[in-house]
$ cat entry24.pdb   # PDB, C-alpha atoms and all ligand atoms
ATOM      1  CA  MET A   5     -57.244 -77.861  23.718  1.00  0.00           C
ATOM      2  CA  ASN A   6     -53.923 -77.937  25.563  1.00  0.00           C
ATOM      3  CA  GLY A   7     -53.248 -75.491  28.415  1.00  0.00           C
ATOM      4  CA  ALA A   8     -52.488 -71.776  28.062  1.00  0.00           C
ATOM      5  CA  ILE A   9     -49.150 -70.883  26.484  1.00  0.00           C
ATOM      6  CA  GLY A  10     -46.917 -68.189  27.902  1.00  0.00           C
ATOM      7  CA  GLU A  11     -44.365 -67.211  30.435  1.00  0.00           C
ATOM      8  CA  TYR A  12     -44.841 -66.553  34.128  1.00  0.00           C
ATOM      9  CA  ASN A  13     -42.891 -63.485  35.206  1.00  0.00           C
ATOM     10  CA  PRO A  14     -42.050 -63.788  38.925  1.00  0.00           C
ATOM     11  CA  GLY A  15     -42.765 -60.629  40.894  1.00  0.00           C
ATOM     12  CA  MET A  16     -45.429 -59.524  38.430  1.00  0.00           C
ATOM     13  CA  SER A  17     -49.016 -60.568  38.180  1.00  0.00           C
ATOM     14  CA  LYS A  18     -49.281 -63.776  36.189  1.00  0.00           C
ATOM     15  CA  THR A  19     -49.006 -62.679  32.561  1.00  0.00           C
ATOM     16  CA  LEU A  20     -49.558 -64.959  29.607  1.00  0.00           C
ATOM     17  CA  THR A  21     -48.089 -63.206  26.639  1.00  0.00           C
ATOM     18  CA  PRO A  22     -46.714 -65.785  24.229  1.00  0.00           C
ATOM     19  CA  ASN A  23     -44.734 -64.433  21.314  1.00  0.00           C
ATOM     20  CA  GLN A  24     -44.969 -65.987  17.863  1.00  0.00           C
ATOM     21  CA  ASP A  25     -42.046 -68.347  18.442  1.00  0.00           C
ATOM     22  CA  GLU A  26     -43.637 -69.681  21.639  1.00  0.00           C
ATOM     23  CA  LEU A  27     -46.828 -70.339  19.688  1.00  0.00           C
ATOM     24  CA  LYS A  28     -44.893 -72.098  16.921  1.00  0.00           C
ATOM     25  CA  LYS A  29     -43.111 -74.238  19.514  1.00  0.00           C
ATOM     26  CA  ALA A  30     -46.409 -75.169  21.157  1.00  0.00           C
ATOM     27  CA  ALA A  31     -47.906 -76.262  17.816  1.00  0.00           C
ATOM     28  CA  ALA A  32     -44.728 -78.224  17.048  1.00  0.00           C
ATOM     29  CA  ARG A  33     -44.850 -80.008  20.404  1.00  0.00           C
ATOM     30  CA  ALA A  34     -48.532 -80.879  19.956  1.00  0.00           C
ATOM     31  CA  ALA A  35     -47.707 -82.671  16.689  1.00  0.00           C
ATOM     32  CA  LEU A  36     -45.752 -85.317  18.627  1.00  0.00           C
ATOM     33  CA  GLU A  37     -49.026 -86.804  19.857  1.00  0.00           C
ATOM     34  CA  HIS A  38     -50.012 -87.579  16.251  1.00  0.00           C
ATOM     35  CA  LEU A  39     -46.875 -89.570  15.399  1.00  0.00           C
ATOM     36  CA  VAL A  40     -46.496 -93.345  15.328  1.00  0.00           C
ATOM     37  CA  PRO A  41     -43.339 -94.394  17.232  1.00  0.00           C
ATOM     38  CA  GLY A  42     -40.945 -96.519  15.193  1.00  0.00           C
ATOM     39  CA  GLU A  43     -42.388 -95.424  11.852  1.00  0.00           C
ATOM     40  CA  VAL A  44     -40.813 -93.037   9.343  1.00  0.00           C
ATOM     41  CA  VAL A  45     -41.845 -89.400   9.939  1.00  0.00           C
ATOM     42  CA  GLY A  46     -42.536 -87.078   6.993  1.00  0.00           C
ATOM     43  CA  VAL A  47     -40.940 -83.710   7.752  1.00  0.00           C
ATOM     44  CA  GLY A  48     -41.785 -80.385   6.097  1.00  0.00           C
ATOM     45  CA  SER A  49     -39.813 -77.131   6.108  1.00  0.00           C
ATOM     46  CA  GLY A  50     -39.771 -73.711   7.717  1.00  0.00           C
ATOM     47  CA  SER A  51     -39.333 -72.085  11.100  1.00  0.00           C
ATOM     48  CA  THR A  52     -42.279 -73.905  12.744  1.00  0.00           C
ATOM     49  CA  VAL A  53     -41.001 -77.233  11.454  1.00  0.00           C
ATOM     50  CA  ASN A  54     -37.540 -76.396  12.809  1.00  0.00           C
ATOM     51  CA  PHE A  55     -39.080 -76.404  16.295  1.00  0.00           C
ATOM     52  CA  PHE A  56     -40.727 -79.726  15.456  1.00  0.00           C
ATOM     53  CA  ILE A  57     -37.390 -81.205  14.343  1.00  0.00           C
ATOM     54  CA  ASP A  58     -35.846 -80.104  17.653  1.00  0.00           C
ATOM     55  CA  GLU A  59     -38.665 -81.919  19.520  1.00  0.00           C
ATOM     56  CA  LEU A  60     -38.085 -85.014  17.377  1.00  0.00           C
ATOM     57  CA  GLY A  61     -34.365 -84.821  18.078  1.00  0.00           C
ATOM     58  CA  ALA A  62     -35.061 -84.968  21.804  1.00  0.00           C
ATOM     59  CA  ARG A  63     -36.998 -88.220  21.176  1.00  0.00           C
ATOM     60  CA  ARG A  64     -34.925 -89.792  18.460  1.00  0.00           C
ATOM     61  CA  SER A  65     -35.018 -93.257  20.057  1.00  0.00           C
ATOM     62  CA  GLN A  66     -38.769 -93.241  19.308  1.00  0.00           C
ATOM     63  CA  PHE A  67     -38.460 -91.489  15.938  1.00  0.00           C
ATOM     64  CA  PRO A  68     -35.074 -92.456  14.472  1.00  0.00           C
ATOM     65  CA  ARG A  69     -35.976 -92.086  10.767  1.00  0.00           C
ATOM     66  CA  ALA A  70     -37.500 -89.382   8.592  1.00  0.00           C
ATOM     67  CA  VAL A  71     -38.141 -88.341   5.020  1.00  0.00           C
ATOM     68  CA  SER A  72     -37.346 -84.687   4.456  1.00  0.00           C
ATOM     69  CA  SER A  73     -38.780 -82.031   2.140  1.00  0.00           C
ATOM     70  CA  SER A  74     -35.781 -79.673   1.900  1.00  0.00           C
ATOM     71  CA  SER A  75     -32.037 -79.494   2.264  1.00  0.00           C
ATOM     72  CA  GLY A  76     -32.500 -77.218   5.297  1.00  0.00           C
ATOM     73  CA  SER A  77     -34.669 -79.762   7.133  1.00  0.00           C
ATOM     74  CA  THR A  78     -32.349 -82.607   6.131  1.00  0.00           C
ATOM     75  CA  GLU A  79     -29.378 -80.809   7.635  1.00  0.00           C
ATOM     76  CA  ARG A  80     -31.223 -80.096  10.888  1.00  0.00           C
ATOM     77  CA  LEU A  81     -32.543 -83.668  11.174  1.00  0.00           C
ATOM     78  CA  ARG A  82     -29.049 -85.084  10.654  1.00  0.00           C
ATOM     79  CA  ALA A  83     -27.594 -82.696  13.222  1.00  0.00           C
ATOM     80  CA  HIS A  84     -30.008 -84.300  15.707  1.00  0.00           C
ATOM     81  CA  GLY A  85     -28.844 -87.804  14.719  1.00  0.00           C
ATOM     82  CA  ILE A  86     -32.044 -88.644  12.855  1.00  0.00           C
ATOM     83  CA  GLU A  87     -31.499 -90.757   9.754  1.00  0.00           C
ATOM     84  CA  VAL A  88     -32.917 -89.129   6.610  1.00  0.00           C
ATOM     85  CA  LEU A  89     -34.185 -91.697   4.142  1.00  0.00           C
ATOM     86  CA  ASP A  90     -34.606 -91.318   0.407  1.00  0.00           C
ATOM     87  CA  LEU A  91     -38.308 -91.272  -0.463  1.00  0.00           C
ATOM     88  CA  ASN A  92     -37.771 -93.681  -3.361  1.00  0.00           C
ATOM     89  CA  ASP A  93     -36.162 -96.213  -1.023  1.00  0.00           C
ATOM     90  CA  VAL A  94     -39.032 -95.916   1.454  1.00  0.00           C
ATOM     91  CA  ILE A  95     -41.662 -96.445  -1.238  1.00  0.00           C
ATOM     92  CA  ALA A  96     -39.718 -99.257  -2.924  1.00  0.00           C
ATOM     93  CA  ALA A  97     -39.423-101.064   0.425  1.00  0.00           C
ATOM     94  CA  GLY A  98     -43.205-100.780   0.906  1.00  0.00           C
ATOM     95  CA  ARG A  99     -42.745 -98.792   4.139  1.00  0.00           C
ATOM     96  CA  ARG A 100     -45.398 -96.464   5.496  1.00  0.00           C
ATOM     97  CA  ILE A 101     -45.126 -92.780   6.248  1.00  0.00           C
ATOM     98  CA  PRO A 102     -48.144 -92.514   8.561  1.00  0.00           C
ATOM     99  CA  VAL A 103     -47.740 -88.794   9.294  1.00  0.00           C
ATOM    100  CA  TYR A 104     -46.336 -85.750   7.501  1.00  0.00           C
ATOM    101  CA  VAL A 105     -45.836 -82.649   9.663  1.00  0.00           C
ATOM    102  CA  ASP A 106     -45.484 -79.240   8.051  1.00  0.00           C
ATOM    103  CA  GLY A 107     -46.321 -75.569   8.506  1.00  0.00           C
ATOM    104  CA  ALA A 108     -48.214 -73.266   6.154  1.00  0.00           C
ATOM    105  CA  ASP A 109     -48.236 -69.651   5.078  1.00  0.00           C
ATOM    106  CA  GLU A 110     -52.056 -69.599   5.184  1.00  0.00           C
ATOM    107  CA  ILE A 111     -54.707 -72.176   6.059  1.00  0.00           C
ATOM    108  CA  ASN A 112     -58.507 -71.930   5.836  1.00  0.00           C
ATOM    109  CA  ALA A 113     -61.388 -73.742   7.528  1.00  0.00           C
ATOM    110  CA  SER A 114     -61.342 -76.475   4.847  1.00  0.00           C
ATOM    111  CA  LEU A 115     -57.659 -76.988   5.793  1.00  0.00           C
ATOM    112  CA  GLN A 116     -56.586 -75.901   2.317  1.00  0.00           C
ATOM    113  CA  MET A 117     -53.238 -74.133   2.420  1.00  0.00           C
ATOM    114  CA  VAL A 118     -50.896 -71.745   0.697  1.00  0.00           C
ATOM    115  CA  LYS A 119     -47.335 -72.997   1.100  1.00  0.00           C
ATOM    116  CA  GLY A 120     -43.914 -72.305  -0.350  1.00  0.00           C
ATOM    117  CA  GLY A 121     -42.847 -69.209   1.574  1.00  0.00           C
ATOM    118  CA  GLY A 122     -39.590 -71.072   2.213  1.00  0.00           C
ATOM    119  CA  GLY A 123     -39.358 -72.290  -1.382  1.00  0.00           C
ATOM    120  CA  ALA A 124     -39.746 -76.011  -0.646  1.00  0.00           C
ATOM    121  CA  LEU A 125     -43.270 -76.404  -2.047  1.00  0.00           C
ATOM    122  CA  THR A 126     -42.529 -79.110  -4.625  1.00  0.00           C
ATOM    123  CA  ARG A 127     -40.809 -81.517  -2.276  1.00  0.00           C
ATOM    124  CA  GLU A 128     -43.362 -80.700   0.413  1.00  0.00           C
ATOM    125  CA  LYS A 129     -46.193 -81.674  -1.929  1.00  0.00           C
ATOM    126  CA  ILE A 130     -44.411 -84.888  -2.869  1.00  0.00           C
ATOM    127  CA  VAL A 131     -43.769 -86.004   0.721  1.00  0.00           C
ATOM    128  CA  ALA A 132     -47.306 -84.971   1.726  1.00  0.00           C
ATOM    129  CA  ALA A 133     -48.692 -87.072  -1.146  1.00  0.00           C
ATOM    130  CA  ALA A 134     -46.641 -90.062  -0.006  1.00  0.00           C
ATOM    131  CA  SER A 135     -47.934 -89.800   3.574  1.00  0.00           C
ATOM    132  CA  GLU A 136     -51.178 -91.044   5.087  1.00  0.00           C
ATOM    133  CA  GLN A 137     -51.963 -87.965   7.215  1.00  0.00           C
ATOM    134  CA  PHE A 138     -50.926 -84.311   6.927  1.00  0.00           C
ATOM    135  CA  VAL A 139     -50.629 -82.605  10.316  1.00  0.00           C
ATOM    136  CA  CYS A 140     -50.353 -78.848   9.766  1.00  0.00           C
ATOM    137  CA  ILE A 141     -48.703 -76.878  12.586  1.00  0.00           C
ATOM    138  CA  VAL A 142     -49.343 -73.136  12.676  1.00  0.00           C
ATOM    139  CA  ASP A 143     -49.649 -70.207  15.000  1.00  0.00           C
ATOM    140  CA  ARG A 144     -52.960 -68.374  14.829  1.00  0.00           C
ATOM    141  CA  SER A 145     -51.634 -65.682  12.437  1.00  0.00           C
ATOM    142  CA  LYS A 146     -51.796 -68.250   9.605  1.00  0.00           C
ATOM    143  CA  TRP A 147     -55.523 -68.961   9.992  1.00  0.00           C
ATOM    144  CA  VAL A 148     -57.489 -67.063   7.301  1.00  0.00           C
ATOM    145  CA  GLU A 149     -61.024 -66.883   6.007  1.00  0.00           C
ATOM    146  CA  GLN A 150     -59.925 -66.733   2.384  1.00  0.00           C
ATOM    147  CA  LEU A 151     -56.572 -67.760   0.908  1.00  0.00           C
ATOM    148  CA  GLY A 152     -54.639 -65.201  -1.144  1.00  0.00           C
ATOM    149  CA  ARG A 153     -53.362 -62.416   1.076  1.00  0.00           C
ATOM    150  CA  PHE A 154     -49.979 -64.173   1.202  1.00  0.00           C
ATOM    151  CA  PRO A 155     -48.468 -64.024  -2.327  1.00  0.00           C
ATOM    152  CA  LEU A 156     -48.934 -67.418  -3.958  1.00  0.00           C
ATOM    153  CA  PRO A 157     -45.591 -69.158  -4.706  1.00  0.00           C
ATOM    154  CA  VAL A 158     -45.310 -70.958  -8.044  1.00  0.00           C
ATOM    155  CA  GLU A 159     -42.195 -73.020  -8.867  1.00  0.00           C
ATOM    156  CA  VAL A 160     -41.371 -72.625 -12.547  1.00  0.00           C
ATOM    157  CA  ILE A 161     -38.823 -74.068 -14.999  1.00  0.00           C
ATOM    158  CA  PRO A 162     -36.459 -71.132 -15.757  1.00  0.00           C
ATOM    159  CA  MET A 163     -37.179 -70.958 -19.528  1.00  0.00           C
ATOM    160  CA  ALA A 164     -40.925 -70.573 -18.857  1.00  0.00           C
ATOM    161  CA  VAL A 165     -40.777 -67.674 -16.376  1.00  0.00           C
ATOM    162  CA  GLU A 166     -42.058 -65.007 -18.796  1.00  0.00           C
ATOM    163  CA  LEU A 167     -44.708 -67.290 -20.313  1.00  0.00           C
ATOM    164  CA  ILE A 168     -46.091 -68.193 -16.888  1.00  0.00           C
ATOM    165  CA  SER A 169     -45.910 -64.553 -15.722  1.00  0.00           C
ATOM    166  CA  VAL A 170     -48.125 -63.491 -18.664  1.00  0.00           C
ATOM    167  CA  ARG A 171     -50.679 -66.168 -17.775  1.00  0.00           C
ATOM    168  CA  LEU A 172     -50.684 -65.255 -14.090  1.00  0.00           C
ATOM    169  CA  ARG A 173     -51.299 -61.585 -14.998  1.00  0.00           C
ATOM    170  CA  ARG A 174     -54.284 -62.689 -17.103  1.00  0.00           C
ATOM    171  CA  LEU A 175     -55.711 -64.275 -13.949  1.00  0.00           C
ATOM    172  CA  GLY A 176     -55.389 -60.890 -12.204  1.00  0.00           C
ATOM    173  CA  GLY A 177     -52.169 -61.663 -10.302  1.00  0.00           C
ATOM    174  CA  GLN A 178     -48.962 -59.645 -10.078  1.00  0.00           C
ATOM    175  CA  PRO A 179     -46.048 -62.105 -10.264  1.00  0.00           C
ATOM    176  CA  THR A 180     -42.618 -61.173  -8.906  1.00  0.00           C
ATOM    177  CA  LEU A 181     -39.534 -63.283  -9.454  1.00  0.00           C
ATOM    178  CA  ARG A 182     -38.226 -64.284  -6.020  1.00  0.00           C
ATOM    179  CA  ALA A 183     -34.752 -62.929  -5.351  1.00  0.00           C
ATOM    180  CA  GLY A 184     -32.032 -65.371  -4.457  1.00  0.00           C
ATOM    181  CA  ASN A 185     -34.201 -67.652  -6.464  1.00  0.00           C
ATOM    182  CA  ALA A 186     -33.158 -71.239  -7.260  1.00  0.00           C
ATOM    183  CA  THR A 187     -35.096 -73.956  -5.431  1.00  0.00           C
ATOM    184  CA  ASP A 188     -33.570 -77.242  -4.238  1.00  0.00           C
ATOM    185  CA  ASN A 189     -34.630 -78.503  -7.691  1.00  0.00           C
ATOM    186  CA  GLY A 190     -32.779 -75.755  -9.614  1.00  0.00           C
ATOM    187  CA  ASN A 191     -35.966 -73.922 -10.642  1.00  0.00           C
ATOM    188  CA  LEU A 192     -37.294 -70.395 -10.011  1.00  0.00           C
ATOM    189  CA  ILE A 193     -40.170 -69.121  -7.889  1.00  0.00           C
ATOM    190  CA  LEU A 194     -42.770 -66.529  -8.866  1.00  0.00           C
ATOM    191  CA  ASP A 195     -44.615 -64.971  -5.909  1.00  0.00           C
ATOM    192  CA  VAL A 196     -48.050 -63.918  -7.109  1.00  0.00           C
ATOM    193  CA  ALA A 197     -49.805 -61.095  -5.264  1.00  0.00           C
ATOM    194  CA  GLY A 198     -53.360 -59.906  -5.775  1.00  0.00           C
ATOM    195  CA  LEU A 199     -55.077 -63.170  -6.740  1.00  0.00           C
ATOM    196  CA  ARG A 200     -58.656 -63.663  -5.580  1.00  0.00           C
ATOM    197  CA  ILE A 201     -58.622 -67.314  -4.601  1.00  0.00           C
ATOM    198  CA  GLU A 202     -62.325 -68.111  -4.423  1.00  0.00           C
ATOM    199  CA  ASN A 203     -61.998 -71.708  -5.509  1.00  0.00           C
ATOM    200  CA  PRO A 204     -58.585 -72.983  -4.368  1.00  0.00           C
ATOM    201  CA  GLY A 205     -59.057 -76.495  -5.820  1.00  0.00           C
ATOM    202  CA  SER A 206     -59.773 -75.347  -9.378  1.00  0.00           C
ATOM    203  CA  LEU A 207     -57.065 -72.685  -9.295  1.00  0.00           C
ATOM    204  CA  GLU A 208     -54.553 -75.313  -8.161  1.00  0.00           C
ATOM    205  CA  GLU A 209     -55.637 -77.604 -10.981  1.00  0.00           C
ATOM    206  CA  GLU A 210     -55.547 -74.854 -13.609  1.00  0.00           C
ATOM    207  CA  ILE A 211     -52.094 -73.441 -12.791  1.00  0.00           C
ATOM    208  CA  ASN A 212     -50.616 -76.913 -12.264  1.00  0.00           C
ATOM    209  CA  GLN A 213     -51.364 -77.992 -15.802  1.00  0.00           C
ATOM    210  CA  TRP A 214     -49.589 -75.074 -17.536  1.00  0.00           C
ATOM    211  CA  ALA A 215     -46.428 -76.233 -19.324  1.00  0.00           C
ATOM    212  CA  GLY A 216     -43.447 -74.875 -17.408  1.00  0.00           C
ATOM    213  CA  VAL A 217     -45.090 -74.924 -13.970  1.00  0.00           C
ATOM    214  CA  VAL A 218     -43.523 -77.470 -11.635  1.00  0.00           C
ATOM    215  CA  THR A 219     -45.775 -76.875  -8.632  1.00  0.00           C
ATOM    216  CA  VAL A 220     -48.225 -74.247  -7.455  1.00  0.00           C
ATOM    217  CA  GLY A 221     -48.152 -73.554  -3.720  1.00  0.00           C
ATOM    218  CA  LEU A 222     -51.869 -74.246  -3.297  1.00  0.00           C
ATOM    219  CA  PHE A 223     -52.464 -77.401  -1.264  1.00  0.00           C
ATOM    220  CA  ALA A 224     -56.202 -77.567  -1.804  1.00  0.00           C
ATOM    221  CA  ARG A 225     -57.048 -80.784  -3.610  1.00  0.00           C
ATOM    222  CA  GLN A 226     -55.245 -82.667  -0.838  1.00  0.00           C
ATOM    223  CA  PRO A 227     -55.789 -80.493   2.233  1.00  0.00           C
ATOM    224  CA  ALA A 228     -54.366 -81.140   5.697  1.00  0.00           C
ATOM    225  CA  SER A 229     -55.950 -83.900   7.795  1.00  0.00           C
ATOM    226  CA  VAL A 230     -55.793 -81.777  10.933  1.00  0.00           C
ATOM    227  CA  ALA A 231     -54.521 -78.294  11.792  1.00  0.00           C
ATOM    228  CA  LEU A 232     -52.866 -77.725  15.163  1.00  0.00           C
ATOM    229  CA  VAL A 233     -53.421 -74.012  15.669  1.00  0.00           C
ATOM    230  CA  ALA A 234     -51.536 -72.387  18.541  1.00  0.00           C
ATOM    231  CA  THR A 235     -53.328 -69.522  20.289  1.00  0.00           C
ATOM    232  CA  PRO A 236     -52.483 -67.901  23.642  1.00  0.00           C
ATOM    233  CA  GLU A 237     -55.205 -70.072  25.205  1.00  0.00           C
ATOM    234  CA  GLY A 238     -53.640 -73.329  23.950  1.00  0.00           C
ATOM    235  CA  VAL A 239     -53.305 -75.479  20.851  1.00  0.00           C
ATOM    236  CA  GLU A 240     -56.566 -76.290  19.085  1.00  0.00           C
ATOM    237  CA  ALA A 241     -56.878 -79.336  16.832  1.00  0.00           C
ATOM    238  CA  ARG A 242     -59.145 -78.201  13.991  1.00  0.00           C
ATOM    239  CA  ARG A 243     -60.666 -80.647  11.515  1.00  0.00           C
ATOM    240  CA  ALA A 244     -61.877 -79.642   8.052  1.00  0.00           C
ATOM    241  CA  LYS A 245     -65.225 -78.076   7.358  1.00  0.00           C
ATOM    242  CA  PRO A 246     -66.255 -79.253   3.884  1.00  0.00           C
ATOM    243  CA  ALA A 247     -65.062 -76.892   1.121  1.00  0.00           C
ATOM    244  CA  THR A 248     -67.932 -74.888  -0.371  1.00  0.00           C
ATOM    245  CA  ARG A 249     -66.550 -75.381  -3.875  1.00  0.00           C
TER     246      ARG A 249
HETATM  247  C1  LIG A 301     -41.916 -73.699   3.169  1.00  0.00           C
HETATM  248  C2  LIG A 301     -43.314 -73.684   3.666  1.00  0.00           C
HETATM  249  C3  LIG A 301     -43.514 -73.408   5.112  1.00  0.00           C
HETATM  250  O1  LIG A 301     -44.280 -74.427   5.665  1.00  0.00           O
HETATM  251  C4  LIG A 301     -44.245 -72.117   5.257  1.00  0.00           C
HETATM  252  O2  LIG A 301     -43.517 -71.097   4.564  1.00  0.00           O
HETATM  253  C5  LIG A 301     -44.411 -71.714   6.729  1.00  0.00           C
HETATM  254  O3  LIG A 301     -43.158 -71.418   7.259  1.00  0.00           O
HETATM  255  P1  LIG A 301     -42.981 -70.875   8.742  1.00  0.00           P
HETATM  256  O4  LIG A 301     -43.285 -72.012   9.652  1.00  0.00           O
HETATM  257  O5  LIG A 301     -41.541 -70.437   8.785  1.00  0.00           O
HETATM  258  O6  LIG A 301     -43.916 -69.701   8.921  1.00  0.00           O
HETATM  259  O7  LIG A 301     -44.261 -73.890   2.957  1.00  0.00           O
HETATM  260  O8  LIG A 301     -41.863 -73.912   1.771  1.00  0.00           O
END
$ encode --input "entry24.pdb" --output "structure tokens" --more "lines below"
Ligand code: 5RP
Amino acid sequence: MNGAIGEYNPGMSKTLTPNQDELKKAAARAALEHLVPGEVVGVGSGSTVNFFIDELGARRSQFPRAVSSSSGSTERLRAHGIEVLDLNDVIAAGRRIPVYVDGADEINASLQMVKGGGGALTREKIVAAASEQFVCIVDRSKWVEQLGRFPLPVEVIPMAVELISVRLRRLGGQPTLRAGNATDNGNLILDVAGLRIENPGSLEEEINQWAGVVTVGLFARQPASVALVATPEGVEARRAKPATR
């Protein structure tokens, strides 16, 4: 574990009271140790990843190239002078992406995740699948015993929204069409509350094969390789306990 995270307030007793952004930053900084200098970095999306991109930007001579999972991350990477490569070009050239770094909305002890709070789930799953390792960076609020408290995002082709909503209700979920809605791929997102996710791998498989679903925000069949969980005491690297189901 890295050292305690927090601010020292001069004139007061030493207080260590990190806020959520300080925890996110600490997790983001810890991810640097997992990268391979000179190789392409897989970059996720979200506020925690934004801190990671800023850390990368400060070291762009070591990490000059990335593959990005959203237009937001692409813009931030470019603003730091990091070249954003097209995934097809990277794969066609036979180049490696040793590490993909991304946040999560929830993560459990098997390192299975709910993702898509920022709407980038499809591209995130693609870049994660193209990468050798998935390093998940989270503050401790994302660590859960059971997935499902955070509404599960599902990216859907617009003409199938009602069809998929009916099916999700049959599973016991309450889908809501996300406002402001189109993804980077021009699709819509349903946020599904109330699901009991007892077996994340089979639920991912089931929802994924419905016609009209592009991606479900369960990352269970390919969980993270390591979770860097920031707590006030430091950043813990947690490896997966085998999934019970
Ligand atoms: C975006 C994601 C993000 O990783 C997830 O929403 C976590 O974001 P944040 O770091 O802002 O809490 O899946 O689609």
$ resolve_selection --input "entry24.pdb" --expression "the PyMOL selection byres (((chain A and resi 32) around 12) and not hetatm)" --output "PyMOL selection string"
chain A and resi 25-31+33-39+47-48+50-60+105-107+139-143+231-234+239
$ residues_around --input "entry24.pdb" --residues "Pro162 in chain A" --least-positions-apart "6" --cutoff "10 Å" --atoms "all atoms listed in the file" --output "list in words"
Ala186, Gly190, Asn191, Leu192, Ile193, Gly216 and Val217 of chain A
$ write_last_selection --input "entry24.pdb" --atoms "C-alpha atoms" --output "mmCIF file, keeping the file's coordinate frame"
data_model
loop_
_atom_site.group_PDB
_atom_site.id
_atom_site.type_symbol
_atom_site.label_atom_id
_atom_site.label_comp_id
_atom_site.auth_asym_id
_atom_site.auth_seq_id
_atom_site.Cartn_x
_atom_site.Cartn_y
_atom_site.Cartn_z
ATOM 1 C CA ALA A 186 -33.158 -71.239 -7.260
ATOM 2 C CA GLY A 190 -32.779 -75.755 -9.614
ATOM 3 C CA ASN A 191 -35.966 -73.922 -10.642
ATOM 4 C CA LEU A 192 -37.294 -70.395 -10.011
ATOM 5 C CA ILE A 193 -40.170 -69.121 -7.889
ATOM 6 C CA GLY A 216 -43.447 -74.875 -17.408
ATOM 7 C CA VAL A 217 -45.090 -74.924 -13.970
#
$ resolve_selection --input "entry24.pdb" --expression "the PyMOL selection byres (((chain A and resi 78-93) around 9) and not hetatm)" --output "number ranges by chain"
A: 44, 47, 54, 57-58, 60-62, 64, 67-77, 94-99, 131, 134
$ resolve_selection --input "entry24.pdb" --expression "the PyMOL selection byres (((chain A and resi 126) around 10) and not hetatm)" --output "ChimeraX atom specification"
/A:73-74,119-120,123-125,127-132,158-159,187-189,218-221
$ residues_around --input "entry24.pdb" --residues "Glu110 in chain A" --least-positions-apart "5" --cutoff "6 Å" --atoms "all atoms listed in the file" --output "list in words"
Met117, Val118, Lys146 and Trp147 of chain A
$ atom_distance --input "entry24.pdb" --atom1 "CA of Gly184 in chain A" --atom2 "CA of Arg153 in chain A"
22.2 Å
$ axis_aligned_box --input "entry24.pdb" --around "ligand LIG 301 (chain A)" --padding-each-side "5 Å" --output "AutoDock Vina command-line options"
--center_x -43.0 --center_y -72.1 --center_z 5.7 --size_x 12.9 --size_y 14.7 --size_z 17.9
$ closest_residue --input "entry24.pdb" --among "A:Ala108, A:Ala197, A:Ala183, A:Leu172" --to "ligand LIG 301 (chain A)" --atoms "all atoms listed in the file"
A:Ala108
$ closest_residue --input "entry24.pdb" --among "A:Pro236, A:Asn112, A:Leu175, A:Gly122" --to "Gln24 in chain A" --atoms "only C-alpha atoms"
A:Pro236
$ closest_residue --input "entry24.pdb" --among "A:Ala113, A:Ala164, A:Leu156, A:Leu181" --to "ligand LIG 301 (chain A)" --atoms "all atoms listed in the file"
A:Leu156
$ atom_distance --input "entry24.pdb" --atom1 "CA of Val45 in chain A" --atom2 "CA of Lys245 in chain A"
26.1 Å
$ closest_residue --input "entry24.pdb" --among "A:Ser135, A:Ser145, A:Ser114, A:Asn203" --to "ligand LIG 301 (chain A)" --atoms "only C-alpha atoms and all ligand atoms"
A:Ser145
$ closest_residue --input "entry24.pdb" --among "A:Leu194, A:Ala228, A:Ile101, A:Ile211" --to "Pro41 in chain A" --atoms "all atoms listed in the file"
A:Ile101
$ closest_residue --input "entry24.pdb" --among "A:Gly7, A:Gly176, A:Pro157, A:Pro102" --to "ligand LIG 301 (chain A)" --atoms "only C-alpha atoms and all ligand atoms"
A:Pro157
